[in-house]
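Enquirer: Okay, so here is data18.cif, and as you'll see once you scroll down, it has mmCIF, C-alpha atoms and all ligand atoms.
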data_entry
#
loop_
_atom_site.label_atom_id
_atom_site.label_comp_id
_atom_site.auth_asym_id
_atom_site.auth_seq_id
_atom_site.Cartn_x
_atom_site.Cartn_y
_atom_site.Cartn_z
CA MET A 29 45.47 89.22 -194.33
CA ARG A 30 45.52 92.92 -194.93
CA LYS A 31 42.60 94.19 -196.97
CA LYS A 32 43.44 95.93 -200.23
CA THR A 33 42.38 99.56 -199.97
CA THR A 34 41.65 101.96 -202.79
CA SER A 35 42.17 105.64 -202.18
CA PRO A 36 39.47 107.88 -203.60
CA SER A 37 40.72 109.16 -206.95
CA SER A 38 40.32 112.79 -207.89
CA LEU A 39 38.16 113.80 -210.86
CA GLN A 40 41.34 114.57 -212.80
CA GLU A 41 42.67 111.05 -212.12
CA ARG A 42 39.39 109.46 -213.20
CA ILE A 43 39.42 111.50 -216.41
CA GLU A 44 42.94 110.31 -217.20
CA GLN A 45 42.01 106.69 -216.39
CA VAL A 46 38.88 106.67 -218.52
CA MET A 47 40.78 108.22 -221.45
CA GLU A 48 43.27 105.31 -221.47
CA LYS A 49 40.53 103.06 -222.87
CA PRO A 50 38.20 103.66 -225.83
CA VAL A 51 35.70 106.41 -224.96
CA PRO A 52 32.28 106.10 -226.65
CA GLU A 53 32.37 108.30 -229.74
CA HIS A 54 28.67 109.11 -229.67
CA ILE A 55 26.76 109.44 -226.39
CA ALA A 56 23.00 110.08 -226.40
CA ILE A 57 21.19 111.23 -223.26
CA ILE A 58 17.52 111.32 -222.24
CA MET A 59 17.67 114.13 -219.67
CA ASP A 60 14.77 113.13 -217.45
CA GLY A 61 13.73 114.16 -213.92
CA ASN A 62 13.86 117.95 -214.06
CA GLY A 63 10.24 118.40 -212.97
CA ARG A 64 10.65 115.89 -210.14
CA TRP A 65 13.85 117.57 -208.97
CA ALA A 66 11.94 120.85 -208.63
CA ASN A 67 8.93 119.17 -207.03
CA ASN A 68 11.22 117.59 -204.39
CA ARG A 69 12.27 121.11 -203.44
CA ALA A 70 8.74 122.57 -203.56
CA MET A 71 9.83 124.62 -206.56
CA PRO A 72 7.92 125.07 -209.86
CA ARG A 73 8.79 122.57 -212.65
CA ILE A 74 10.38 125.32 -214.70
CA ALA A 75 13.02 125.78 -212.00
CA GLY A 76 14.06 122.17 -212.65
CA HIS A 77 14.24 122.77 -216.39
CA HIS A 78 16.42 125.81 -215.78
CA GLU A 79 18.75 123.88 -213.48
CA GLY A 80 18.85 121.09 -216.09
CA MET A 81 20.04 123.62 -218.66
CA LYS A 82 23.11 124.41 -216.56
CA VAL A 83 23.88 120.68 -216.38
CA VAL A 84 23.79 120.55 -220.21
CA ARG A 85 26.70 123.02 -220.29
CA LYS A 86 28.66 121.12 -217.62
CA ILE A 87 28.25 117.73 -219.31
CA THR A 88 29.02 119.17 -222.76
CA VAL A 89 32.32 120.62 -221.52
CA MET A 90 33.25 117.30 -219.87
CA ALA A 91 32.26 115.20 -222.92
CA ASN A 92 34.38 117.48 -225.11
CA ARG A 93 37.29 117.16 -222.70
CA LEU A 94 36.99 113.34 -222.74
CA GLY A 95 37.17 113.33 -226.54
CA VAL A 96 33.55 112.33 -227.18
CA LYS A 97 32.81 113.17 -230.83
CA THR A 98 29.03 113.53 -230.68
CA LEU A 99 26.68 114.26 -227.78
CA THR A 100 22.98 113.98 -228.62
CA LEU A 101 20.65 115.43 -225.99
CA TYR A 102 16.88 114.88 -225.97
CA ALA A 103 15.75 118.42 -225.12
CA PHE A 104 12.13 118.38 -226.36
CA SER A 105 10.02 115.58 -227.80
CA THR A 106 7.07 115.85 -230.18
CA GLU A 107 4.99 114.65 -227.19
CA ASN A 108 6.10 117.56 -224.98
CA TRP A 109 3.64 119.96 -226.71
CA LYS A 110 0.92 118.32 -224.56
CA ARG A 111 2.33 119.96 -221.42
CA PRO A 112 0.75 123.13 -220.00
CA LYS A 113 1.26 126.10 -222.34
CA SER A 114 3.14 128.05 -219.67
CA GLU A 115 5.67 125.21 -219.32
CA VAL A 116 6.08 124.84 -223.09
CA ASP A 117 6.58 128.62 -223.42
CA PHE A 118 9.30 128.47 -220.78
CA LEU A 119 11.02 125.49 -222.40
CA MET A 120 11.03 127.26 -225.76
CA LYS A 121 13.01 130.13 -224.23
CA LEU A 122 15.75 127.81 -222.93
CA PRO A 123 17.62 127.39 -226.23
CA GLU A 124 18.01 131.18 -226.48
CA GLU A 125 19.08 131.51 -222.87
CA PHE A 126 21.50 128.59 -223.17
CA LEU A 127 23.07 129.92 -226.36
CA GLY A 128 23.19 133.51 -225.12
CA THR A 129 24.97 132.42 -221.96
CA TYR A 130 27.17 129.53 -223.07
CA LEU A 131 27.69 129.66 -226.84
CA PRO A 132 30.68 132.05 -226.64
CA GLU A 133 32.48 129.61 -224.32
CA LEU A 134 31.44 126.49 -226.27
CA ALA A 135 32.41 128.07 -229.59
CA THR A 136 35.87 128.83 -228.14
CA GLU A 137 36.07 125.13 -227.25
CA ASN A 138 35.40 124.30 -230.92
CA VAL A 139 31.91 122.81 -230.25
CA LYS A 140 29.60 122.49 -233.26
CA VAL A 141 25.85 122.84 -232.60
CA GLN A 142 23.52 120.66 -234.67
CA THR A 143 19.90 119.52 -234.28
CA ILE A 144 17.56 116.70 -235.13
CA GLY A 145 13.78 117.24 -235.04
CA TYR A 146 11.09 119.31 -236.69
CA MET A 147 12.69 122.73 -236.38
CA GLU A 148 10.14 124.60 -238.54
CA GLN A 149 7.40 123.94 -235.96
CA LEU A 150 9.30 125.73 -233.20
CA PRO A 151 8.35 129.30 -232.24
CA PRO A 152 10.22 131.71 -234.57
CA HIS A 153 12.31 133.16 -231.71
CA THR A 154 13.55 129.66 -230.77
CA TYR A 155 14.11 128.63 -234.38
CA ARG A 156 16.15 131.76 -235.14
CA ALA A 157 18.39 131.39 -232.07
CA VAL A 158 19.17 127.74 -232.78
CA GLU A 159 19.68 128.16 -236.53
CA SER A 160 22.02 131.09 -235.92
CA ALA A 161 24.08 129.01 -233.45
CA LYS A 162 24.30 126.18 -236.00
CA GLU A 163 25.43 128.64 -238.66
CA ARG A 164 27.99 130.28 -236.36
CA THR A 165 29.57 126.96 -235.36
CA LYS A 166 29.26 125.02 -238.61
CA GLU A 167 33.03 125.16 -239.34
CA ASN A 168 33.97 123.95 -235.84
CA THR A 169 35.68 120.57 -235.67
CA GLY A 170 35.33 119.65 -231.97
CA LEU A 171 32.40 117.97 -230.23
CA ILE A 172 29.13 117.89 -232.17
CA LEU A 173 26.49 119.03 -229.66
CA ASN A 174 23.37 117.61 -231.27
CA PHE A 175 20.08 118.75 -229.71
CA ALA A 176 16.97 116.65 -230.36
CA LEU A 177 14.35 119.41 -230.43
CA ASN A 178 10.74 118.61 -231.33
CA TYR A 179 12.06 115.16 -232.18
CA GLY A 180 10.13 111.88 -232.44
CA SER A 181 11.66 108.73 -233.82
CA ARG A 182 8.62 107.04 -235.38
CA ALA A 183 7.76 110.23 -237.28
CA GLU A 184 11.41 110.43 -238.38
CA ILE A 185 11.24 106.87 -239.74
CA ILE A 186 7.91 107.52 -241.53
CA GLU A 187 9.37 110.66 -243.14
CA ALA A 188 12.41 108.66 -244.25
CA VAL A 189 10.19 105.99 -245.81
CA LYS A 190 8.16 108.69 -247.60
CA SER A 191 11.20 110.39 -249.13
CA ALA A 192 12.68 107.06 -250.16
CA ILE A 193 9.41 106.08 -251.88
CA ASN A 194 9.28 109.49 -253.52
CA GLU A 195 12.80 109.12 -254.88
CA ALA A 196 12.02 105.61 -256.05
CA GLN A 197 8.98 106.91 -257.95
CA LYS A 198 11.16 109.59 -259.55
CA GLY A 199 13.68 106.93 -260.51
CA ILE A 200 16.46 108.45 -258.33
CA LEU A 201 16.47 105.34 -256.13
CA SER A 202 15.97 101.77 -257.20
CA PRO A 203 14.03 99.77 -254.58
CA GLU A 204 16.43 96.84 -254.95
CA GLU A 205 19.41 98.89 -253.74
CA MET A 206 17.70 99.88 -250.45
CA ASN A 207 19.70 98.64 -247.45
CA GLU A 208 20.43 99.75 -243.87
CA ASP A 209 23.24 102.14 -244.87
CA ILE A 210 21.18 103.80 -247.59
CA PHE A 211 18.08 103.99 -245.39
CA SER A 212 20.01 105.68 -242.58
CA ASN A 213 20.83 108.52 -244.98
CA TYR A 214 17.11 109.40 -245.06
CA LEU A 215 17.02 109.87 -241.28
CA MET A 216 17.63 113.17 -239.47
CA THR A 217 20.88 111.71 -238.13
CA LYS A 218 22.32 111.45 -241.66
CA GLY A 219 26.08 111.83 -241.42
CA LEU A 220 26.21 111.01 -237.69
CA GLN A 221 27.35 107.64 -236.44
CA ASP A 222 24.95 105.62 -234.30
CA PRO A 223 25.24 106.22 -230.53
CA ASP A 224 27.62 103.88 -228.70
CA LEU A 225 26.10 104.68 -225.31
CA LEU A 226 22.61 105.80 -224.26
CA ILE A 227 22.14 107.35 -220.83
CA ARG A 228 18.70 107.91 -219.30
CA THR A 229 18.35 109.64 -215.94
CA SER A 230 15.56 109.61 -213.36
CA GLY A 231 14.84 105.89 -213.14
CA GLU A 232 12.61 105.42 -216.19
CA ILE A 233 13.63 102.33 -218.18
CA ARG A 234 12.20 103.07 -221.63
CA LEU A 235 13.11 104.77 -224.91
CA SER A 236 10.14 107.15 -225.21
CA ASN A 237 10.36 107.35 -229.02
CA PHE A 238 14.04 108.36 -229.00
CA MET A 239 16.36 107.25 -231.86
CA LEU A 240 14.69 103.85 -232.30
CA TRP A 241 16.62 102.99 -235.47
CA GLN A 242 19.93 104.45 -234.32
CA LEU A 243 19.98 102.68 -230.92
CA ALA A 244 19.77 99.15 -232.39
CA TYR A 245 23.27 98.15 -231.17
CA THR A 246 23.80 100.79 -228.44
CA GLU A 247 24.77 100.03 -224.82
CA PHE A 248 22.13 101.39 -222.40
CA TRP A 249 22.95 102.91 -219.00
CA PHE A 250 20.12 103.90 -216.67
CA THR A 251 20.39 105.78 -213.40
CA ASP A 252 17.96 106.97 -210.73
CA VAL A 253 19.84 110.27 -210.52
CA LEU A 254 17.66 113.19 -211.64
CA TRP A 255 19.10 115.23 -214.53
CA PRO A 256 19.73 118.40 -212.47
CA ASP A 257 21.82 116.25 -210.08
CA PHE A 258 23.77 114.56 -212.91
CA SER A 259 27.47 115.35 -212.58
CA GLU A 260 30.76 114.85 -214.40
CA GLU A 261 31.37 111.89 -212.05
CA HIS A 262 28.14 110.24 -213.24
CA LEU A 263 29.18 110.68 -216.88
CA ILE A 264 32.55 109.10 -216.10
CA GLN A 265 30.84 106.24 -214.23
CA ALA A 266 28.63 105.53 -217.25
CA ILE A 267 31.69 105.53 -219.54
CA GLU A 268 33.63 103.26 -217.14
CA GLU A 269 30.77 100.75 -217.13
CA PHE A 270 30.58 101.00 -220.93
CA GLN A 271 34.30 100.22 -221.10
CA ASN A 272 33.89 97.23 -218.74
CA ARG A 273 31.11 95.82 -220.93
CA GLN A 274 33.28 96.28 -224.03
CA ARG A 275 36.11 94.45 -222.25
CA ARG A 276 33.85 91.54 -221.25
CA PHE A 277 31.82 91.14 -224.43
CA GLY A 278 33.74 93.11 -227.04
CA GLY A 279 36.53 90.61 -227.55
CA VAL A 280 36.34 87.91 -230.20
C1 LIG B 301 16.10 122.29 -222.31
C2 LIG B 301 17.21 121.78 -220.12
C3 LIG B 301 17.83 120.40 -220.08
C4 LIG B 301 16.93 119.37 -219.46
C5 LIG B 301 15.82 118.93 -220.35
C6 LIG B 301 14.61 119.84 -220.52
C7 LIG B 301 14.84 121.32 -220.38
C8 LIG B 301 19.30 123.16 -223.46
C9 LIG B 301 18.54 123.40 -224.60
C10 LIG B 301 19.02 123.83 -225.90
C11 LIG B 301 18.38 123.43 -227.06
C12 LIG B 301 18.86 123.83 -228.31
C13 LIG B 301 19.98 124.60 -228.37
C14 LIG B 301 20.64 125.01 -227.25
C15 LIG B 301 20.16 124.62 -226.01
C16 LIG B 301 17.24 123.10 -224.22
C17 LIG B 301 14.98 122.80 -224.35
C18 LIG B 301 14.94 122.36 -223.05
C19 LIG B 301 13.72 122.86 -225.17
F1 LIG B 301 20.45 124.97 -229.58
N1 LIG B 301 18.53 122.74 -222.48
N2 LIG B 301 17.25 122.69 -222.93
N3 LIG B 301 16.11 123.15 -224.96
N4 LIG B 301 16.06 121.84 -220.98
#
Have the structure of the file written as structure tokens, please.
Ligand code: V07

Expert:
Amino acid sequence: MRKKTTSPSSLQERIEQVMEKPVPEHIAIIMDGNGRWANNRAMPRIAGHHEGMKVVRKITVMANRLGVKTLTLYAFSTENWKRPKSEVDFLMKLPEEFLGTYLPELATENVKVQTIGYMEQLPPHTYRAVESAKERTKENTGLILNFALNYGSRAEIIEAVKSAINEAQKGILSPEEMNEDIFSNYLMTKGLQDPDLLIRTSGEIRLSNFMLWQLAYTEFWFTDVLWPDFSEEHLIQAIEEFQNRQRRFGGV
């Protein structure tokens, strides 16, 4: 018998195919492996971070094109302050460089920049650049590009508990009415839906204090690919596998 052959489909064809089925509305990504990518090339870690920044633009444009509503990217964790000062200083310049280079294009594409994380603790130059981008894009109605910057999920949950207790003490909130929907409004992701799909690159199979509450029902997709090597094709592959899982387990 003749073997069934499949011709390699072009990126454009794969985009069209993936858009025929439900695309995850909220994708969250742990962009890991930038330092290792640089190390593999005998380059300094910061070269990997810089290359990773270009991939953020590429994946944002593709997610927007696919009709993803929210893309949350873990750019800097509360743990990342422990890295060498020179590396932290470099990382804290990336938001400005990214926005200076790509915001005009992304704003034209109707992208809205948002953040989760402790923004006030960022260096003033970083804070100002990010807040100005949020302000400039706040009326946009396309993809929400949500950067987790100085973000940690346990701290987020503790802060939520504290404000809920505070409001209960003031009589604004009655403890009896507390439920999952009300609690989620105390989190930094207030107003955002929970992620449908979590992607983590670089072979690590853990959450690293990322969106612990919000990922309760999320599909996870892990890859050994390092973030600077992550391509549009990888994003589409993750979405295709998400769609296959929905098809197998989503039905009643
Ligand atoms: C950072 C590049 C991507 C790989 C992960 C680590 C390094 C984009 C931003 C950014 C953040 C806020 C914003 C616009 C852009 C960024 C940091 C690190 C700290 F409004 N990439 N990127 N921020 N990396």

Enquirer: Here is a test: counting all atoms listed in the file, which residue of A:Arg275, A:Leu94, A:Leu134, A:Phe250 is nearest to Gln40 in chain A?

Expert: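 Smallest separation from Gln40 in chain A among the options: A:Leu94.
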
Enquirer: If you count all atoms listed in the file, which residues fall within 7 Å of Gly170 in chain A, apart from same-chain ones fewer than 5 positions away, as a ChimeraX atom specification?

Expert: /A:138-140

Enquirer: Given 5 Å of margin on each side, can you work out the centre and size in Å (one decimal) of an axis-aligned box holding every listed atom of range 80-96 of chain A, as AutoDock Vina command-line options?

Expert:
--center_x 28.1 --center_y 118.4 --center_z -221.6 --size_x 28.4 --size_y 22.1 --size_z 21.1

Enquirer: Could you pull the residues within 12 Å of Tyr155 in chain A, counting only C-alpha atoms, minus those fewer than 5 positions along the same chain, as an MDAnalysis selection string?

Expert: chainID A and resid 120:124 143 145:150 160:162 177:178

Enquirer: Pick the closest to Ile57 in chain A from A:Pro72, A:Pro223, A:Gly95, A:Gly199: which is it, counting only C-alpha atoms?

Expert: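 Nearest candidate to Ile57 in chain A out of A:Pro72, A:Pro223, A:Gly95, A:Gly199: A:Pro223.
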
Enquirer: At a cut-off of 6 Å, can you tabulate as JSON lines every residue of chain A near ligand LIG 301 (chain B) together with its closest atom pair and the distance in Å to one decimal, using all atoms listed in the file and ordering rows by chain then number?

Expert:
{"residue": "A:Met59", "atom": "CA", "partner": "B:LIG301", "partner_atom": "C5", "distance": 5.2}
{"residue": "A:His77", "atom": "CA", "partner": "B:LIG301", "partner_atom": "C7", "distance": 4.3}
{"residue": "A:His78", "atom": "CA", "partner": "B:LIG301", "partner_atom": "C2", "distance": 6.0}
{"residue": "A:Gly80", "atom": "CA", "partner": "B:LIG301", "partner_atom": "C3", "distance": 4.2}
{"residue": "A:Met81", "atom": "CA", "partner": "B:LIG301", "partner_atom": "C2", "distance": 3.7}
{"residue": "A:Val84", "atom": "CA", "partner": "B:LIG301", "partner_atom": "C3", "distance": 6.0}
{"residue": "A:Ala103", "atom": "CA", "partner": "B:LIG301", "partner_atom": "C17", "distance": 4.5}
{"residue": "A:Phe104", "atom": "CA", "partner": "B:LIG301", "partner_atom": "C19", "distance": 4.9}
{"residue": "A:Leu119", "atom": "CA", "partner": "B:LIG301", "partner_atom": "C19", "distance": 4.7}
{"residue": "A:Met120", "atom": "CA", "partner": "B:LIG301", "partner_atom": "C19", "distance": 5.2}
{"residue": "A:Leu122", "atom": "CA", "partner": "B:LIG301", "partner_atom": "N3", "distance": 5.1}
{"residue": "A:Pro123", "atom": "CA", "partner": "B:LIG301", "partner_atom": "C15", "distance": 3.8}
{"residue": "A:Phe126", "atom": "CA", "partner": "B:LIG301", "partner_atom": "C15", "distance": 5.1}
{"residue": "A:Leu127", "atom": "CA", "partner": "B:LIG301", "partner_atom": "C14", "distance": 5.6}
{"residue": "A:Val158", "atom": "CA", "partner": "B:LIG301", "partner_atom": "F1", "distance": 4.4}
{"residue": "A:Phe175", "atom": "CA", "partner": "B:LIG301", "partner_atom": "C12", "distance": 5.4}

Enquirer: Got a sec: who's within 8 Å of Ile87 in chain A, counting all atoms listed in the file, leaving out chain neighbours fewer than 6 positions off, as a list in words?

Expert: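 Result of the neighbour search: Ser259, Glu260 and Leu263 of chain A.
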
Enquirer: From the set A:Arg164, A:Arg182, A:Lys198, A:Arg42, which residue has the shortest atom-to-atom contact distance to His262 in chain A, counting all atoms listed in the file?

Expert: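 The answer is A:Arg42, which sits nearest to His262 in chain A.
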
Enquirer: Could you name the residues that touch Pro50 in chain A at 12 Å or less, counting all atoms listed in the file, but leaving out those on the same chain fewer than 4 positions away, as a ChimeraX atom specification?

Expert: /A:44-46,54,94-96,224,267-275,278

Enquirer: When distances are computed from only C-alpha atoms, which of A:Pro112, A:Lys86, A:Ile43, A:Arg64 shows the smallest separation from Gly231 in chain A?

Expert: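 Distance minimum relative to Gly231 in chain A lands on A:Arg64.
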
Enquirer: Could you work out how far CA of Ser212 in chain A lies from CA of Arg93 in chain A, giving the answer in Å with one decimal?

Expert: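 According to the coordinates, CA of Arg93 in chain A and CA of Ser212 in chain A are separated by 28.7 Å.
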
Enquirer: Quick one: pull the distance between CA of Glu205 in chain A and CA of Ile144 in chain A, Å, one decimal.

Expert: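 Distance between the two atoms: 25.8 Å.
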
Enquirer: Asp257 in chain A: which residues within 10 Å, counting all atoms listed in the file, same-chain residues fewer than 2 positions away excluded, as a count of residues only?

Expert: 13

Enquirer: What is the distance, in Å and to one decimal place, between CA of Ser191 in chain A and CA of Asp209 in chain A?

Expert: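 Computing it gives 15.2 Å between the two atoms.
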
Enquirer: Give me the range 34-122 of chain A side of the contact with range 239-247 of chain A, cut-off 12 Å, one line per residue showing its nearest atom pair and distance in Å at one decimal, counting only C-alpha atoms, sorted by chain and residue number, as a tab-separated table.

Expert:
residue	atom	partner	partner_atom	distance
A:Pro52	CA	A:Glu247	CA	9.8
A:Glu53	CA	A:Thr246	CA	11.5
A:His54	CA	A:Thr246	CA	9.7
A:Ile55	CA	A:Thr246	CA	9.4
A:Ala56	CA	A:Met239	CA	9.1
A:Ile57	CA	A:Met239	CA	10.6
A:Ile58	CA	A:Met239	CA	10.5
A:Thr100	CA	A:Met239	CA	10.0
A:Leu101	CA	A:Met239	CA	10.9
A:Tyr102	CA	A:Met239	CA	9.7
A:Ser105	CA	A:Met239	CA	11.2

Enquirer: With all atoms listed in the file as the atoms that count, which of A:Asp222, A:Glu115, A:Glu163, A:Glu187 lies nearest to Arg73 in chain A?

Expert: A:Glu115
